[in-house]
$ cat target21.tsv   # TSV, C-alpha atoms
chain	number	residue	atom	x	y	z
A	18	MET	CA	77.69	108.68	96.68
A	19	ARG	CA	80.23	106.15	97.83
A	20	LEU	CA	83.19	104.52	96.15
A	21	ASN	CA	83.31	100.74	96.20
A	22	ALA	CA	86.63	99.77	97.82
A	23	SER	CA	86.79	96.23	96.47
A	24	ILE	CA	90.02	95.32	94.68
A	25	SER	CA	89.86	94.05	91.11
A	26	ILE	CA	92.21	92.03	88.92
A	27	ALA	CA	92.65	93.78	85.58
A	28	ALA	CA	94.96	93.70	82.60
A	29	LEU	CA	98.02	95.90	82.54
A	30	LEU	CA	97.46	99.22	80.80
A	31	ALA	CA	98.97	99.69	77.39
A	32	ALA	CA	101.87	102.11	77.40
A	33	SER	CA	99.95	104.55	75.23
A	34	LEU	CA	97.24	104.89	77.87
A	35	ALA	CA	99.85	105.91	80.42
A	36	GLY	CA	101.15	108.82	78.40
A	37	CYS	CA	104.33	106.91	77.70
A	38	GLY	CA	105.03	107.97	74.15
A	39	SER	CA	108.37	109.56	73.40
A	40	GLY	CA	108.32	111.82	70.39
A	41	ASP	CA	111.58	113.64	71.00
A	42	GLY	CA	113.93	110.66	70.95
A	43	SER	CA	114.42	110.74	74.71
A	44	ALA	CA	115.54	107.50	76.34
A	45	PRO	CA	113.04	105.56	78.44
A	46	GLU	CA	113.25	106.21	82.15
A	47	GLY	CA	115.26	103.61	84.04
A	48	GLY	CA	117.46	102.62	81.07
A	49	GLY	CA	119.23	100.07	83.26
A	50	LEU	CA	116.13	97.87	83.05
A	51	ALA	CA	117.03	97.01	79.44
A	52	ALA	CA	119.51	94.36	80.65
A	53	ALA	CA	117.19	92.99	83.33
A	54	GLU	CA	117.27	89.27	84.01
A	55	PRO	CA	114.29	87.51	82.38
A	56	GLY	CA	111.50	86.91	84.87
A	57	SER	CA	112.85	89.47	87.35
A	58	ALA	CA	110.76	92.32	88.72
A	59	ALA	CA	112.75	94.72	86.55
A	60	ALA	CA	112.00	92.68	83.42
A	61	VAL	CA	108.31	92.50	84.30
A	62	ALA	CA	108.26	96.27	84.83
A	63	GLN	CA	110.02	96.94	81.53
A	64	THR	CA	107.49	94.89	79.59
A	65	ALA	CA	104.50	96.48	81.30
A	66	ARG	CA	105.73	100.07	81.17
A	67	GLY	CA	107.03	100.44	77.63
A	68	ARG	CA	108.69	103.80	77.03
A	69	VAL	CA	107.93	106.33	79.74
A	70	ARG	CA	108.47	110.06	79.32
A	71	CYS	CA	109.71	111.68	82.53
A	72	PRO	CA	109.03	114.13	83.96
A	73	ALA	CA	105.39	113.71	83.05
A	74	ARG	CA	103.91	116.29	80.71
A	75	ILE	CA	100.99	118.02	82.41
A	76	ALA	CA	98.71	120.18	80.27
A	77	THR	CA	95.96	120.59	82.88
A	78	PRO	CA	96.30	124.11	84.34
A	79	ALA	CA	97.56	124.39	87.90
A	80	ALA	CA	95.49	125.99	90.63
A	81	PRO	CA	95.72	129.79	90.93
A	82	ALA	CA	98.62	131.23	92.91
A	83	GLY	CA	97.92	131.25	96.63
A	84	SER	CA	95.70	128.17	96.51
A	85	PRO	CA	96.38	125.49	99.15
A	86	THR	CA	98.68	122.61	98.22
A	87	VAL	CA	96.49	119.58	97.54
A	88	ASP	CA	98.58	117.11	95.54
A	89	VAL	CA	100.10	113.71	96.38
A	90	ILE	CA	103.41	113.26	94.49
A	91	GLY	CA	101.92	115.59	91.89
A	92	LEU	CA	98.59	113.76	91.67
A	93	ARG	CA	95.66	116.15	92.09
A	94	PRO	CA	91.96	116.27	91.27
A	95	GLY	CA	91.23	117.48	87.76
A	96	LEU	CA	94.18	115.83	86.00
A	97	THR	CA	93.43	113.61	83.03
A	98	TYR	CA	93.66	109.85	83.39
A	99	ASP	CA	96.77	109.73	81.20
A	100	GLU	CA	98.52	112.56	83.06
A	101	ALA	CA	97.95	110.81	86.38
A	102	ALA	CA	99.21	107.47	85.04
A	103	ASN	CA	102.33	109.16	83.66
A	104	ILE	CA	103.04	110.76	87.06
A	105	VAL	CA	102.75	107.41	88.83
A	106	LEU	CA	105.03	105.65	86.36
A	107	CYS	CA	107.63	108.38	86.76
A	108	ASP	CA	107.62	107.92	90.54
A	109	ASN	CA	109.75	104.78	90.30
A	110	PRO	CA	111.14	102.68	87.40
A	111	LEU	CA	109.64	99.52	88.93
A	112	MET	CA	106.15	101.00	89.14
A	113	VAL	CA	103.45	99.62	86.83
A	114	VAL	CA	99.81	100.67	86.51
A	115	THR	CA	96.76	98.42	86.19
A	116	GLU	CA	93.37	99.69	85.07
A	117	GLU	CA	90.60	99.07	87.57
A	118	LYS	CA	87.67	97.59	85.68
A	119	TYR	CA	85.27	97.11	88.58
A	120	ARG	CA	86.33	99.31	91.46
A	121	GLY	CA	85.14	102.91	91.23
A	122	PHE	CA	82.05	105.05	90.95
A	123	ASP	CA	79.18	103.46	89.04
A	124	VAL	CA	77.59	105.38	86.20
A	125	ASP	CA	74.89	104.05	83.88
A	126	SER	CA	76.80	104.33	80.60
A	127	GLY	CA	74.43	102.34	78.46
A	128	GLY	CA	76.98	99.59	78.09
A	129	GLU	CA	79.80	101.83	76.87
A	130	SER	CA	83.25	101.44	78.44
A	131	TRP	CA	85.05	104.17	80.35
A	132	ARG	CA	88.07	104.19	82.67
A	133	LYS	CA	87.16	104.26	86.37
A	134	GLY	CA	90.74	104.55	87.62
A	135	PHE	CA	93.90	102.57	88.10
A	136	THR	CA	96.22	101.04	90.68
A	137	GLY	CA	99.95	101.64	90.72
A	138	ALA	CA	102.24	99.06	92.36
A	139	PHE	CA	105.77	97.74	92.17
A	140	ALA	CA	106.30	94.98	89.62
A	141	GLN	CA	106.88	91.55	91.12
A	142	ALA	CA	109.15	88.83	89.75
A	143	GLU	CA	107.44	86.03	87.84
A	144	SER	CA	106.48	83.09	90.03
A	145	THR	CA	108.68	80.00	89.82
A	146	LEU	CA	105.96	77.77	91.25
A	147	THR	CA	104.20	75.21	89.09
A	148	PRO	CA	100.43	75.60	88.61
A	149	GLU	CA	99.90	72.82	91.17
A	150	GLU	CA	102.18	74.54	93.68
A	151	GLN	CA	100.40	77.84	93.11
A	152	MET	CA	97.06	76.17	93.81
A	153	GLN	CA	98.42	74.61	97.01
A	154	ASP	CA	99.82	77.96	98.09
A	155	SER	CA	96.45	79.63	97.49
A	156	LEU	CA	94.69	76.95	99.53
A	157	ARG	CA	97.18	77.37	102.40
A	158	ARG	CA	96.64	81.12	102.45
A	159	ALA	CA	92.86	80.73	102.32
A	160	SER	CA	93.00	78.26	105.20
A	161	ALA	CA	95.16	80.64	107.23
A	162	ARG	CA	92.71	83.50	106.64
A	163	SER	CA	89.76	81.37	107.74
A	164	ALA	CA	91.70	80.54	110.91
A	165	GLY	CA	92.05	84.25	111.68
A	166	ALA	CA	95.55	84.87	110.34
A	167	ARG	CA	96.26	88.38	109.08
A	168	GLU	CA	96.61	88.86	105.35
A	169	PRO	CA	100.20	89.71	104.34
A	170	ASP	CA	100.77	93.42	103.79
A	171	ALA	CA	100.18	94.29	100.14
A	172	VAL	CA	103.04	96.79	100.26
A	173	ASN	CA	106.54	95.50	100.95
A	174	PRO	CA	109.08	97.61	102.89
A	175	GLY	CA	110.73	100.11	100.56
A	176	GLN	CA	107.79	100.07	98.15
A	177	SER	CA	104.57	102.01	97.61
A	178	ARG	CA	101.06	101.54	96.26
A	179	VAL	CA	98.80	104.08	94.56
A	180	TYR	CA	95.12	104.21	93.67
A	181	VAL	CA	93.59	106.88	91.43
A	182	SER	CA	89.84	107.23	90.87
A	183	THR	CA	88.57	108.88	87.67
A	184	VAL	CA	85.21	109.77	86.14
A	185	GLY	CA	84.33	110.96	82.65
A	186	LEU	CA	83.16	110.08	79.18
A	187	PRO	CA	85.51	107.76	77.27
A	188	GLY	CA	88.84	109.50	76.69
A	189	GLN	CA	87.81	112.44	78.89
A	190	GLU	CA	88.20	110.84	82.34
A	191	ARG	CA	89.41	113.18	85.09
A	192	VAL	CA	90.90	112.44	88.51
A	193	ILE	CA	88.54	112.73	91.47
A	194	SER	CA	90.82	111.24	94.13
A	195	ALA	CA	94.33	109.84	94.54
A	196	SER	CA	95.87	107.90	97.42
A	197	ARG	CA	99.39	106.64	98.05
A	198	ARG	CA	100.79	104.38	100.78
A	199	GLU	CA	104.52	103.94	101.32
A	200	ARG	CA	106.28	101.53	103.68
A	201	TYR	CA	109.78	102.34	104.82
A	202	ASP	CA	112.75	100.01	104.82
A	203	GLU	CA	113.64	98.96	108.36
A	204	ALA	CA	117.09	100.54	108.06
A	205	ALA	CA	115.73	103.81	106.64
A	206	ARG	CA	112.65	104.52	108.74
A	207	PRO	CA	112.21	108.24	109.41
A	208	THR	CA	111.10	109.53	112.79
A	209	MET	CA	107.42	110.17	113.32
A	210	ALA	CA	108.30	113.77	114.15
A	211	ASN	CA	110.17	114.27	110.89
A	212	VAL	CA	107.30	112.90	108.83
A	213	VAL	CA	104.82	115.19	110.55
A	214	ALA	CA	107.18	118.11	109.96
A	215	ALA	CA	107.38	117.22	106.26
A	216	LEU	CA	103.59	117.02	106.02
A	217	THR	CA	102.99	120.37	107.67
A	218	GLY	CA	105.82	121.87	105.64
A	219	LYS	CA	104.00	120.93	102.43
A	220	TYR	CA	100.33	121.25	103.37
A	221	GLY	CA	100.47	123.78	106.20
A	222	ALA	CA	98.87	123.56	109.63
A	223	PRO	CA	96.28	120.74	109.64
A	224	THR	CA	92.62	121.43	110.26
A	225	ALA	CA	92.53	118.25	112.37
A	226	ASP	CA	95.24	116.20	114.09
A	227	ASP	CA	94.35	112.95	115.85
A	228	ASP	CA	97.40	111.48	117.58
A	229	GLN	CA	96.66	107.97	118.86
A	230	GLY	CA	100.24	107.10	119.72
A	231	GLY	CA	100.97	104.34	117.24
A	232	ARG	CA	98.75	105.93	114.61
A	233	ARG	CA	98.39	109.59	113.75
A	234	VAL	CA	95.86	111.08	111.32
A	235	LEU	CA	96.19	114.61	110.01
A	236	LYS	CA	93.68	116.35	107.79
A	237	TRP	CA	93.56	119.48	105.66
A	238	ALA	CA	89.91	120.05	104.76
A	239	TYR	CA	88.36	122.86	102.71
A	240	ASP	CA	84.79	123.68	101.80
A	241	PRO	CA	83.67	124.13	98.16
A	242	ALA	CA	84.63	127.83	98.39
A	243	GLY	CA	88.19	126.95	99.44
A	244	ARG	CA	87.81	127.94	103.09
A	245	ARG	CA	89.38	125.77	105.81
A	246	ILE	CA	86.88	123.55	107.61
A	247	LEU	CA	87.42	124.02	111.34
A	248	GLU	CA	85.78	122.50	114.40
A	249	THR	CA	82.98	125.08	114.30
A	250	SER	CA	81.81	123.69	110.94
A	251	PRO	CA	79.00	121.10	110.89
A	252	TYR	CA	81.09	119.21	108.30
A	253	PHE	CA	84.23	118.99	110.42
A	254	PHE	CA	83.95	115.23	110.92
A	255	SER	CA	82.23	114.26	107.67
A	256	CYS	CA	84.67	115.85	105.21
A	257	SER	CA	87.53	113.39	104.80
A	258	ALA	CA	89.78	111.84	102.17
A	259	PRO	CA	90.85	108.22	101.54
A	260	ALA	CA	94.44	108.23	102.78
A	261	ASN	CA	94.94	104.51	102.16
A	262	PRO	CA	94.70	103.30	98.53
A	263	ASP	CA	92.48	100.42	99.67
A	264	SER	CA	89.96	102.69	101.41
A	265	GLY	CA	86.59	103.73	100.05
A	266	SER	CA	85.46	107.34	99.84
A	267	ASN	CA	82.37	109.53	99.83
A	268	LEU	CA	81.34	112.41	97.58
A	269	SER	CA	79.35	115.29	99.01
A	270	PRO	CA	78.51	118.76	97.63
A	271	ASN	CA	79.15	120.13	101.14
A	272	CYS	CA	82.88	119.29	101.15
A	273	GLY	CA	85.58	120.68	98.90
A	274	VAL	CA	89.13	119.42	98.49
A	275	VAL	CA	90.45	117.35	101.39
A	276	VAL	CA	93.95	115.99	102.00
A	277	GLN	CA	94.33	113.31	104.67
A	278	ALA	CA	97.45	111.56	105.97
A	279	GLU	CA	97.75	108.45	108.12
A	280	LEU	CA	101.08	107.81	109.80
A	281	VAL	CA	101.68	104.40	111.41
A	282	ALA	CA	104.52	103.88	113.88
A	283	SER	CA	106.93	100.97	113.88
A	284	GLY	CA	106.02	98.14	116.23
A	285	GLU	CA	109.64	97.87	117.34
A	286	ASN	CA	110.12	101.58	118.02
A	287	PRO	CA	107.07	103.86	118.19
A	288	ALA	CA	109.24	106.92	117.57
A	289	LEU	CA	109.94	105.64	114.05
A	290	ALA	CA	107.48	105.49	111.16
A	291	ASP	CA	106.59	102.20	109.50
A	292	SER	CA	104.31	103.62	106.81
A	293	LEU	CA	102.74	106.81	105.52
A	294	SER	CA	99.48	107.03	103.60
A	295	VAL	CA	98.35	110.29	101.99
A	296	GLY	CA	95.23	110.87	99.93
A	297	VAL	CA	93.43	113.78	98.26
A	298	ILE	CA	89.87	114.09	97.00
A	299	ASP	CA	87.70	116.85	95.58
A	300	GLN	CA	84.33	115.90	96.99
A	301	ALA	CA	82.20	118.73	95.59
A	302	GLY	CA	84.04	118.72	92.27
A	303	GLY	CA	83.75	114.95	92.00
A	304	TYR	CA	80.06	115.06	92.90
A	305	ARG	CA	79.47	117.70	90.22
A	306	LEU	CA	81.49	115.79	87.60
A	307	LEU	CA	79.73	112.53	88.36
A	308	THR	CA	76.34	114.25	88.04
A	309	GLU	CA	77.35	115.86	84.73
A	310	VAL	CA	78.62	112.56	83.34
A	311	GLU	CA	75.45	110.75	84.38
A	312	GLN	CA	73.40	113.43	82.58
A	313	ALA	CA	75.64	113.21	79.50
A	314	TRP	CA	75.14	109.44	79.32
A	315	ALA	CA	71.39	109.92	79.75
A	316	ASN	CA	71.35	112.51	76.95
A	317	ARG	CA	73.28	110.15	74.68
A	318	ASP	CA	70.88	107.34	75.42
A	319	GLN	CA	67.86	109.55	74.77
A	320	ALA	CA	69.39	110.76	71.50
A	321	ARG	CA	69.89	107.15	70.46
A	322	ARG	CA	66.29	106.31	71.27
A	323	ASP	CA	65.02	109.36	69.38
A	324	ALA	CA	67.12	108.44	66.34
A	325	GLU	CA	65.76	104.89	66.40
A	326	VAL	CA	62.18	106.20	66.52
A	327	ALA	CA	62.84	108.64	63.66
A	328	ARG	CA	64.39	105.90	61.53
A	329	ALA	CA	61.58	103.49	62.30
A	330	ALA	CA	59.01	106.12	61.33
A	331	THR	CA	60.36	106.22	57.76
A	332	GLN	CA	62.02	102.86	57.32
A	333	GLY	CA	60.16	100.57	59.65
A	334	ALA	CA	58.07	97.69	58.38
A	335	GLU	CA	54.42	98.30	57.70
A	336	PRO	CA	52.21	96.48	60.20
A	337	LYS	CA	50.23	93.55	58.78
A	338	LEU	CA	46.64	93.98	59.79

$ encode --input "target21.tsv" --output "structure tokens"
Amino acid sequence: MRLNASISIAALLAASLAGCGSGDGSAPEGGGLAAAEPGSAAAVAQTARGRVRCPARIATPAAPAGSPTVDVIGLRPGLTYDEAANIVLCDNPLMVVTEEKYRGFDVDSGGESWRKGFTGAFAQAESTLTPEEQMQDSLRRASARSAGAREPDAVNPGQSRVYVSTVGLPGQERVISASRRERYDEAARPTMANVVAALTGKYGAPTADDDQGGRRVLKWAYDPAGRRILETSPYFFSCSAPANPDSGSNLSPNCGVVVQAELVASGENPALADSLSVGVIDQAGGYRLLTEVEQAWANRDQARRDAEVARAATQGAEPKL
């Protein structure tokens, strides 16, 4: 099973879906946004976020003591959709979340709606361009792409982007994977060595470390039983995680939880880091959940069909012969 990595344009989530309610009278996070200039990024964020309770309330039980660390800023497989959205919103007062309507794992739900995941990104100031100017700008960018120009980076320096994939019946969606990419401000870039030290300090010694100079990929892979996947395993290369939020991912019953990090060096100074992407996925758990949800939808559909037959048997029109 493979996740479609196409990006969708979707409406902003309602604050209630993000676990943003505040029942104890606590002030919304980032109170300074209340006086934000209309049209500014802060004002856009305030409108989209509503009231956000921080730190996020997490009811999903944590992994047993001694289990490997497998979260990305607190995001981990098994969390509810709302818990994950609350964590992302609490990461920065300018962060907003957008439900992904099309990207995600496909399940035949019989036409019913369920939440496949969401994207978290920094709010952007409202455009000051007229509709005609926006159209011209879109045409210029399309022309530049057709001429081979690189698309502008979706993440600005000093900002981050998150993608969370979920599966489940409506209201019961659980996280399968989470990815986060952060770009560093030019004046605050950490050293590549310090970032690697921070990664190994949190996740331990990697099961794989591919240093390509300007790009370094580290991986912490476990099988479904929680054992580290080393080079002697036939799944050493196939068990991976989507480090970048724009990457697709696979689900396999042969792989367990995998954490993967991609560290990109600065073009001006390769000893400094330009960006860091870290992702986590529970491949076997996601595969099992997806299978269970598919069966649940099939059972619902069969129950509907059976009910229609039973009703027709007693209430259906008599055939005219």

$ closest_residue --input "target21.tsv" --among "A:Ala76, A:Val105, A:Ile298, A:Ala60" --to "A:Asn267" --atoms "all atoms listed in the file"
A:Ile298

$ atom_distance --input "target21.tsv" --atom1 "atom CA of A:Arg317" --atom2 "atom CA of A:Val184"
16.5 Å

$ residues_near_point --input "target21.tsv" --point "(106.8, 101.3, 97.4)" --cutoff "8 Å" --atoms "all atoms listed in the file" --output "tab-separated table (two decimals) with C-alpha atoms, in the coordinates of the input"
chain	number	residue	atom	x	y	z
A	138	ALA	CA	102.24	99.06	92.36
A	139	PHE	CA	105.77	97.74	92.17
A	172	VAL	CA	103.04	96.79	100.26
A	173	ASN	CA	106.54	95.50	100.95
A	174	PRO	CA	109.08	97.61	102.89
A	175	GLY	CA	110.73	100.11	100.56
A	176	GLN	CA	107.79	100.07	98.15
A	177	SER	CA	104.57	102.01	97.61
A	178	ARG	CA	101.06	101.54	96.26
A	198	ARG	CA	100.79	104.38	100.78
A	199	GLU	CA	104.52	103.94	101.32
A	200	ARG	CA	106.28	101.53	103.68

$ residues_around --input "target21.tsv" --residues "A:Ile90" --least-positions-apart "5" --cutoff "10 Å" --atoms "only C-alpha atoms" --output "list in words"
Ile104, Val105, Asp108, Ala195, Ser196, Arg197 and Val295 of chain A

$ closest_residue --input "target21.tsv" --among "A:Pro85, A:Gly137, A:Cys71, A:Ala142" --to "A:Ala222" --atoms "only C-alpha atoms"
A:Pro85

$ build_atoms --input "target21.tsv" --residues "stretch 184-197 of chain A" --atoms "N, CA, C and O atoms" --output "PDB file, keeping the file's coordinate frame"
ATOM      1  N   VAL A 184      86.576 109.773  86.671  1.00  0.00           N
ATOM      2  CA  VAL A 184      85.210 109.770  86.140  1.00  0.00           C
ATOM      3  C   VAL A 184      85.213 110.600  84.859  1.00  0.00           C
ATOM      4  O   VAL A 184      85.891 111.629  84.773  1.00  0.00           O
ATOM      5  N   GLY A 185      84.452 110.174  83.868  1.00  0.00           N
ATOM      6  CA  GLY A 185      84.330 110.960  82.650  1.00  0.00           C
ATOM      7  C   GLY A 185      83.879 110.122  81.482  1.00  0.00           C
ATOM      8  O   GLY A 185      83.879 108.887  81.538  1.00  0.00           O
ATOM      9  N   LEU A 186      83.485 110.781  80.405  1.00  0.00           N
ATOM     10  CA  LEU A 186      83.160 110.080  79.180  1.00  0.00           C
ATOM     11  C   LEU A 186      84.438 109.450  78.622  1.00  0.00           C
ATOM     12  O   LEU A 186      85.541 109.866  78.975  1.00  0.00           O
ATOM     13  N   PRO A 187      84.325 108.441  77.779  1.00  0.00           N
ATOM     14  CA  PRO A 187      85.510 107.760  77.270  1.00  0.00           C
ATOM     15  C   PRO A 187      86.532 108.727  76.668  1.00  0.00           C
ATOM     16  O   PRO A 187      86.211 109.541  75.806  1.00  0.00           O
ATOM     17  N   GLY A 188      87.778 108.629  77.158  1.00  0.00           N
ATOM     18  CA  GLY A 188      88.840 109.500  76.690  1.00  0.00           C
ATOM     19  C   GLY A 188      88.876 110.856  77.355  1.00  0.00           C
ATOM     20  O   GLY A 188      89.793 111.644  77.129  1.00  0.00           O
ATOM     21  N   GLN A 189      87.885 111.145  78.209  1.00  0.00           N
ATOM     22  CA  GLN A 189      87.810 112.440  78.890  1.00  0.00           C
ATOM     23  C   GLN A 189      87.808 112.281  80.413  1.00  0.00           C
ATOM     24  O   GLN A 189      87.430 113.190  81.138  1.00  0.00           O
ATOM     25  N   GLU A 190      88.250 111.125  80.895  1.00  0.00           N
ATOM     26  CA  GLU A 190      88.200 110.840  82.340  1.00  0.00           C
ATOM     27  C   GLU A 190      89.136 111.777  83.109  1.00  0.00           C
ATOM     28  O   GLU A 190      90.271 112.019  82.703  1.00  0.00           O
ATOM     29  N   ARG A 191      88.646 112.274  84.234  1.00  0.00           N
ATOM     30  CA  ARG A 191      89.410 113.180  85.090  1.00  0.00           C
ATOM     31  C   ARG A 191      89.540 112.595  86.501  1.00  0.00           C
ATOM     32  O   ARG A 191      88.656 111.875  86.981  1.00  0.00           O
ATOM     33  N   VAL A 192      90.625 112.954  87.164  1.00  0.00           N
ATOM     34  CA  VAL A 192      90.900 112.440  88.510  1.00  0.00           C
ATOM     35  C   VAL A 192      89.954 113.092  89.522  1.00  0.00           C
ATOM     36  O   VAL A 192      89.804 114.317  89.554  1.00  0.00           O
ATOM     37  N   ILE A 193      89.337 112.258  90.337  1.00  0.00           N
ATOM     38  CA  ILE A 193      88.540 112.730  91.470  1.00  0.00           C
ATOM     39  C   ILE A 193      89.350 112.600  92.759  1.00  0.00           C
ATOM     40  O   ILE A 193      89.354 113.499  93.592  1.00  0.00           O
ATOM     41  N   SER A 194      90.036 111.453  92.910  1.00  0.00           N
ATOM     42  CA  SER A 194      90.820 111.240  94.130  1.00  0.00           C
ATOM     43  C   SER A 194      92.078 110.455  93.802  1.00  0.00           C
ATOM     44  O   SER A 194      92.143 109.747  92.793  1.00  0.00           O
ATOM     45  N   ALA A 195      93.073 110.577  94.676  1.00  0.00           N
ATOM     46  CA  ALA A 195      94.330 109.840  94.540  1.00  0.00           C
ATOM     47  C   ALA A 195      94.864 109.545  95.927  1.00  0.00           C
ATOM     48  O   ALA A 195      94.836 110.411  96.810  1.00  0.00           O
ATOM     49  N   SER A 196      95.335 108.317  96.126  1.00  0.00           N
ATOM     50  CA  SER A 196      95.870 107.900  97.420  1.00  0.00           C
ATOM     51  C   SER A 196      97.167 107.141  97.220  1.00  0.00           C
ATOM     52  O   SER A 196      97.293 106.379  96.259  1.00  0.00           O
ATOM     53  N   ARG A 197      98.095 107.333  98.142  1.00  0.00           N
ATOM     54  CA  ARG A 197      99.390 106.640  98.050  1.00  0.00           C
ATOM     55  C   ARG A 197      99.828 106.185  99.437  1.00  0.00           C
ATOM     56  O   ARG A 197      99.765 106.955 100.397  1.00  0.00           O
TER      57      ARG A 197
END
